[in-house]
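Take a look at the structure set out below.
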Amino acid sequence: MKSSAEPLPGRFSSKRPTNSELTKPILIFFGPTAVGKTALLSRFDSSRFSVINADSIQVYKSLDIGSAKATKEEQEAIDHYLIDIREPHEAFSVGDFITEADRAVKQIHSEGKIPIISGGTAFYVKHFLYGLSEAPSSDERVRALIAKQIEEHGLAWAHSRLHEVDPISGARIHPNDAYRIARALEVFEQSGRALSSFDLPTTRRFPNPVLIIALEREHSELQSRVSERIAQMGELGLVEEIRHLIQGGAEASWASMAGIGYREFFELAESGEYSLQRVLKRIERNTRLYTKRQLTFFRSFTDAEWFDATDPEAVIGRVEAFLQSVASSAHQ
RNA sequence: GGAGAGGUACCCAAGCGGCCAAAGGGGGCAGACUGUAAAUCUGUUGGUUAUACCUUCGAAGGUUCGAAUCCUUCUCUCUCCA
């Protein structure tokens, strides 16, 4: 667990940008599940580019099939960072992502290559770009305490308490949103300050030129690709994978086990309705709903450029043009 | 062939004379997103010239001031017995 005293990750933007930072571009590829990111990445030359995974589940070891991780071969074709960097029982947060991604970006740039941050976790991408507020990071102990209080007194009580200590968050956070109510109370508990008193940064944390490519695909086509992918998971041995994880002590409460493709096993086992067919069906549904949320979140990224995933040439062309302009403006 | 249960909006399902364009859930669509985000949460969901009107609860007819709700016939589905 990180303590709140630790310096904030990636706060190196207050200095004036150096010329070298301005010539070190960062690419971001965002796309919903199954849009075709992996296929697109295979078109990029490993001598010039490396990939940084921006997917909250693929950071975990042993979660390969359910998270639709790039295969061994795909990972060998081009360097991948931030894959398999945590054990399944460990926590991983946006803050961790920023720290790790910063390190990877630095490493890739030092090799004279260009980092491609690629993934579907919009929350990570957003905070990689803009950074986090200075609110304290989560503390397991405090979180458990708040959870216990909510269990005892009810959610309505928690929300009205939030209203007292932080009226702005109280108004902003819906009374049913247990997750956010808990976090806001947790911040108050730890810092004595309202969550809403911590400003969210609105400018980029770094001066490097960034190209944000958002990938989409015709709706029905994306849906059928999702179906296909889930069916494949069954064939590839998703059941074996989850069995190993459970034998290794995996519990539903682990962050990694909240991932689609894993949580469904726990849910259905608990309700006594388990069958592989049911699990796969539910995974498929949850994935579909997830792609919807991903797209919605990413639509709020006003500086993203949208491309159809069926046209990799267009993306490649745009990337080359972007790199060209970075290189030429550096010479001025 | 006999007995019974039932057909409700995209799906499941409640309603069983007026407060019903019809609960609830799912899905669809739209949205939010301040350190677990593949998480969590919200709105909306018959049509329109929209505080009103039109069409809708298997079909047709009937009773009633008034029907998804009662009656008759038809039709389809399911279960059990032959």
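Numbering starts fresh at 1 for the residues of each chain in the structure tokens, the chains themselves are lettered A, B, ... in the order given, and ligands are numbered from 1 as they appear.
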### Task
Pick out each residue of range 86-331 of chain A that DSSP on the backbone tags as alpha helix (DSSP H); I need them as a VMD selection string.
chain A and resid 94 to 110 122 to 130 140 to 153 155 to 165 167 to 172 178 to 191 219 to 236 238 to 247 263 to 271 276 to 299 312 to 331
Need to verify the contact set: A37 in chain B, 10 Å, only C-alpha atoms (C1' of nucleotides), exclusion of same-chain residues closer than 3 positions in sequence. Can you return it as a ChimeraX atom specification? /A:56,93-94,121-124 /B:33,40
Could you write those residues out with N, CA, C and O atoms (P, O5', C5', C4', C3', O3' and C1' of nucleotides), as a short mmCIF file (atom, residue, chain, number, x, y, z; two decimals), in the first residue's frame?
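Result file again_18.cif:
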```cif
data_model
loop_
_atom_site.label_atom_id
_atom_site.label_comp_id
_atom_site.auth_asym_id
_atom_site.auth_seq_id
_atom_site.Cartn_x
_atom_site.Cartn_y
_atom_site.Cartn_z
N SER A 56 -6.50 -2.30 -17.31
CA SER A 56 -6.39 -2.51 -15.87
C SER A 56 -6.32 -3.98 -15.47
O SER A 56 -5.94 -4.30 -14.36
N SER A 93 -3.69 0.59 -9.06
CA SER A 93 -4.59 1.73 -9.17
C SER A 93 -4.11 2.67 -10.28
O SER A 93 -3.04 2.48 -10.84
N VAL A 94 -4.92 3.66 -10.57
CA VAL A 94 -4.51 4.64 -11.58
C VAL A 94 -3.17 5.24 -11.23
O VAL A 94 -2.36 5.51 -12.11
N THR A 121 -8.69 1.15 -20.97
CA THR A 121 -9.07 1.75 -19.70
C THR A 121 -8.98 3.27 -19.79
O THR A 121 -7.93 3.86 -19.56
N ALA A 122 -10.09 3.87 -20.13
CA ALA A 122 -10.14 5.31 -20.37
C ALA A 122 -9.71 6.11 -19.14
O ALA A 122 -9.07 7.15 -19.25
N PHE A 123 -10.06 5.59 -17.98
CA PHE A 123 -9.72 6.25 -16.72
C PHE A 123 -8.20 6.40 -16.58
O PHE A 123 -7.70 7.42 -16.12
N TYR A 124 -7.49 5.38 -16.98
CA TYR A 124 -6.03 5.43 -16.92
C TYR A 124 -5.49 6.45 -17.92
O TYR A 124 -4.59 7.23 -17.60
P C B 33 -18.13 13.86 -15.53
"O5'" C B 33 -17.52 12.70 -14.61
"C5'" C B 33 -18.02 12.50 -13.24
"C4'" C B 33 -17.42 11.21 -12.73
"C3'" C B 33 -15.88 11.23 -12.86
"O3'" C B 33 -15.19 11.06 -11.65
"C1'" C B 33 -16.83 9.37 -14.09
P U B 40 -19.40 -3.09 -9.97
"O5'" U B 40 -19.80 -1.59 -9.59
"C5'" U B 40 -19.56 -1.10 -8.29
"C4'" U B 40 -19.82 0.38 -8.25
"C3'" U B 40 -21.18 0.81 -8.79
"O3'" U B 40 -22.22 0.57 -7.87
"C1'" U B 40 -19.51 2.26 -9.62
#
```
Based on only C-alpha atoms (C1' of nucleotides), which of the residues in chain A come within 8 Å of chain B? I want them as number ranges by chain.
A: 56-57, 91-95, 121, 123, 132-133, 135-138, 174, 176-180, 195-196, 198-200, 255, 258-260, 287, 290, 296-297
Can I get the selected residues back with C-alpha atoms, as a PDB file, in the first residue's frame?
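Writing the result to part-v3.pdb gives the following:
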```pdb
ATOM      1  CA  SER A  56      -6.387  -2.515 -15.865  1.00  0.00           C
ATOM      2  CA  ILE A  57      -6.676  -6.289 -16.000  1.00  0.00           C
ATOM      3  CA  ALA A  91      -3.808  -4.029  -5.909  1.00  0.00           C
ATOM      4  CA  PHE A  92      -3.240  -1.765  -8.857  1.00  0.00           C
ATOM      5  CA  SER A  93      -4.590   1.734  -9.174  1.00  0.00           C
ATOM      6  CA  VAL A  94      -4.511   4.641 -11.585  1.00  0.00           C
ATOM      7  CA  GLY A  95      -1.711   6.129  -9.508  1.00  0.00           C
ATOM      8  CA  THR A 121      -9.068   1.755 -19.701  1.00  0.00           C
ATOM      9  CA  PHE A 123      -9.717   6.253 -16.723  1.00  0.00           C
ATOM     10  CA  LEU A 132      -4.466  13.077 -10.373  1.00  0.00           C
ATOM     11  CA  SER A 133      -5.699  15.463  -7.734  1.00  0.00           C
ATOM     12  CA  ALA A 135      -6.203  13.827  -2.565  1.00  0.00           C
ATOM     13  CA  PRO A 136      -4.630  10.973  -0.603  1.00  0.00           C
ATOM     14  CA  SER A 137      -4.557   7.604  -2.247  1.00  0.00           C
ATOM     15  CA  SER A 138      -6.674   4.844  -0.883  1.00  0.00           C
ATOM     16  CA  HIS A 174     -25.610  10.147  -6.362  1.00  0.00           C
ATOM     17  CA  ASN A 176     -26.902   5.172  -4.713  1.00  0.00           C
ATOM     18  CA  ASP A 177     -23.273   5.408  -5.692  1.00  0.00           C
ATOM     19  CA  ALA A 178     -21.778   3.487  -2.792  1.00  0.00           C
ATOM     20  CA  TYR A 179     -18.386   3.341  -4.392  1.00  0.00           C
ATOM     21  CA  ARG A 180     -17.921   7.071  -4.730  1.00  0.00           C
ATOM     22  CA  LEU A 195     -12.609  15.475  -1.612  1.00  0.00           C
ATOM     23  CA  SER A 196     -14.037  18.365  -3.585  1.00  0.00           C
ATOM     24  CA  PHE A 198      -8.747  18.888  -4.094  1.00  0.00           C
ATOM     25  CA  ASP A 199      -8.687  20.296  -7.579  1.00  0.00           C
ATOM     26  CA  LEU A 200      -8.554  18.025 -10.538  1.00  0.00           C
ATOM     27  CA  ALA A 255      -9.427  -6.384  -7.791  1.00  0.00           C
ATOM     28  CA  ALA A 258     -13.547  -8.086 -10.686  1.00  0.00           C
ATOM     29  CA  GLY A 259     -12.469  -8.280 -14.297  1.00  0.00           C
ATOM     30  CA  ILE A 260     -15.000  -9.406 -16.851  1.00  0.00           C
ATOM     31  CA  THR A 287     -18.314  -7.204 -22.346  1.00  0.00           C
ATOM     32  CA  TYR A 290     -18.438  -2.497 -21.139  1.00  0.00           C
ATOM     33  CA  THR A 296     -19.016   6.885 -23.813  1.00  0.00           C
ATOM     34  CA  PHE A 297     -16.063   7.773 -21.618  1.00  0.00           C
TER      35      PHE A 297
END
```
Exercise. Where in range 55-244 of chain A does DSSP assign strand (DSSP E), given as a PyMOL selection string?
Worked result: chain A and resi 80-81+114-119+210-216
Can I get the selected residues back with C-alpha atoms, as an mmCIF file, in the first residue's frame?
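Listing of again_11.cif after writing:
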```cif
data_model
loop_
_atom_site.group_PDB
_atom_site.id
_atom_site.type_symbol
_atom_site.label_atom_id
_atom_site.label_comp_id
_atom_site.auth_asym_id
_atom_site.auth_seq_id
_atom_site.Cartn_x
_atom_site.Cartn_y
_atom_site.Cartn_z
ATOM 1 C CA HIS A 80 5.112 -4.660 -24.400
ATOM 2 C CA TYR A 81 5.314 -2.848 -21.096
ATOM 3 C CA ILE A 114 8.291 5.929 -29.583
ATOM 4 C CA PRO A 115 5.866 4.696 -26.930
ATOM 5 C CA ILE A 116 2.361 3.678 -27.918
ATOM 6 C CA ILE A 117 0.060 3.626 -24.933
ATOM 7 C CA SER A 118 -2.614 1.208 -26.007
ATOM 8 C CA GLY A 119 -5.589 -0.055 -24.110
ATOM 9 C CA VAL A 210 0.769 13.559 -27.921
ATOM 10 C CA LEU A 211 -1.365 12.022 -30.627
ATOM 11 C CA ILE A 212 -4.545 10.414 -29.375
ATOM 12 C CA ILE A 213 -6.083 7.906 -31.728
ATOM 13 C CA ALA A 214 -9.512 6.586 -30.812
ATOM 14 C CA LEU A 215 -10.579 3.463 -32.638
ATOM 15 C CA GLU A 216 -14.118 2.560 -33.469
#
```
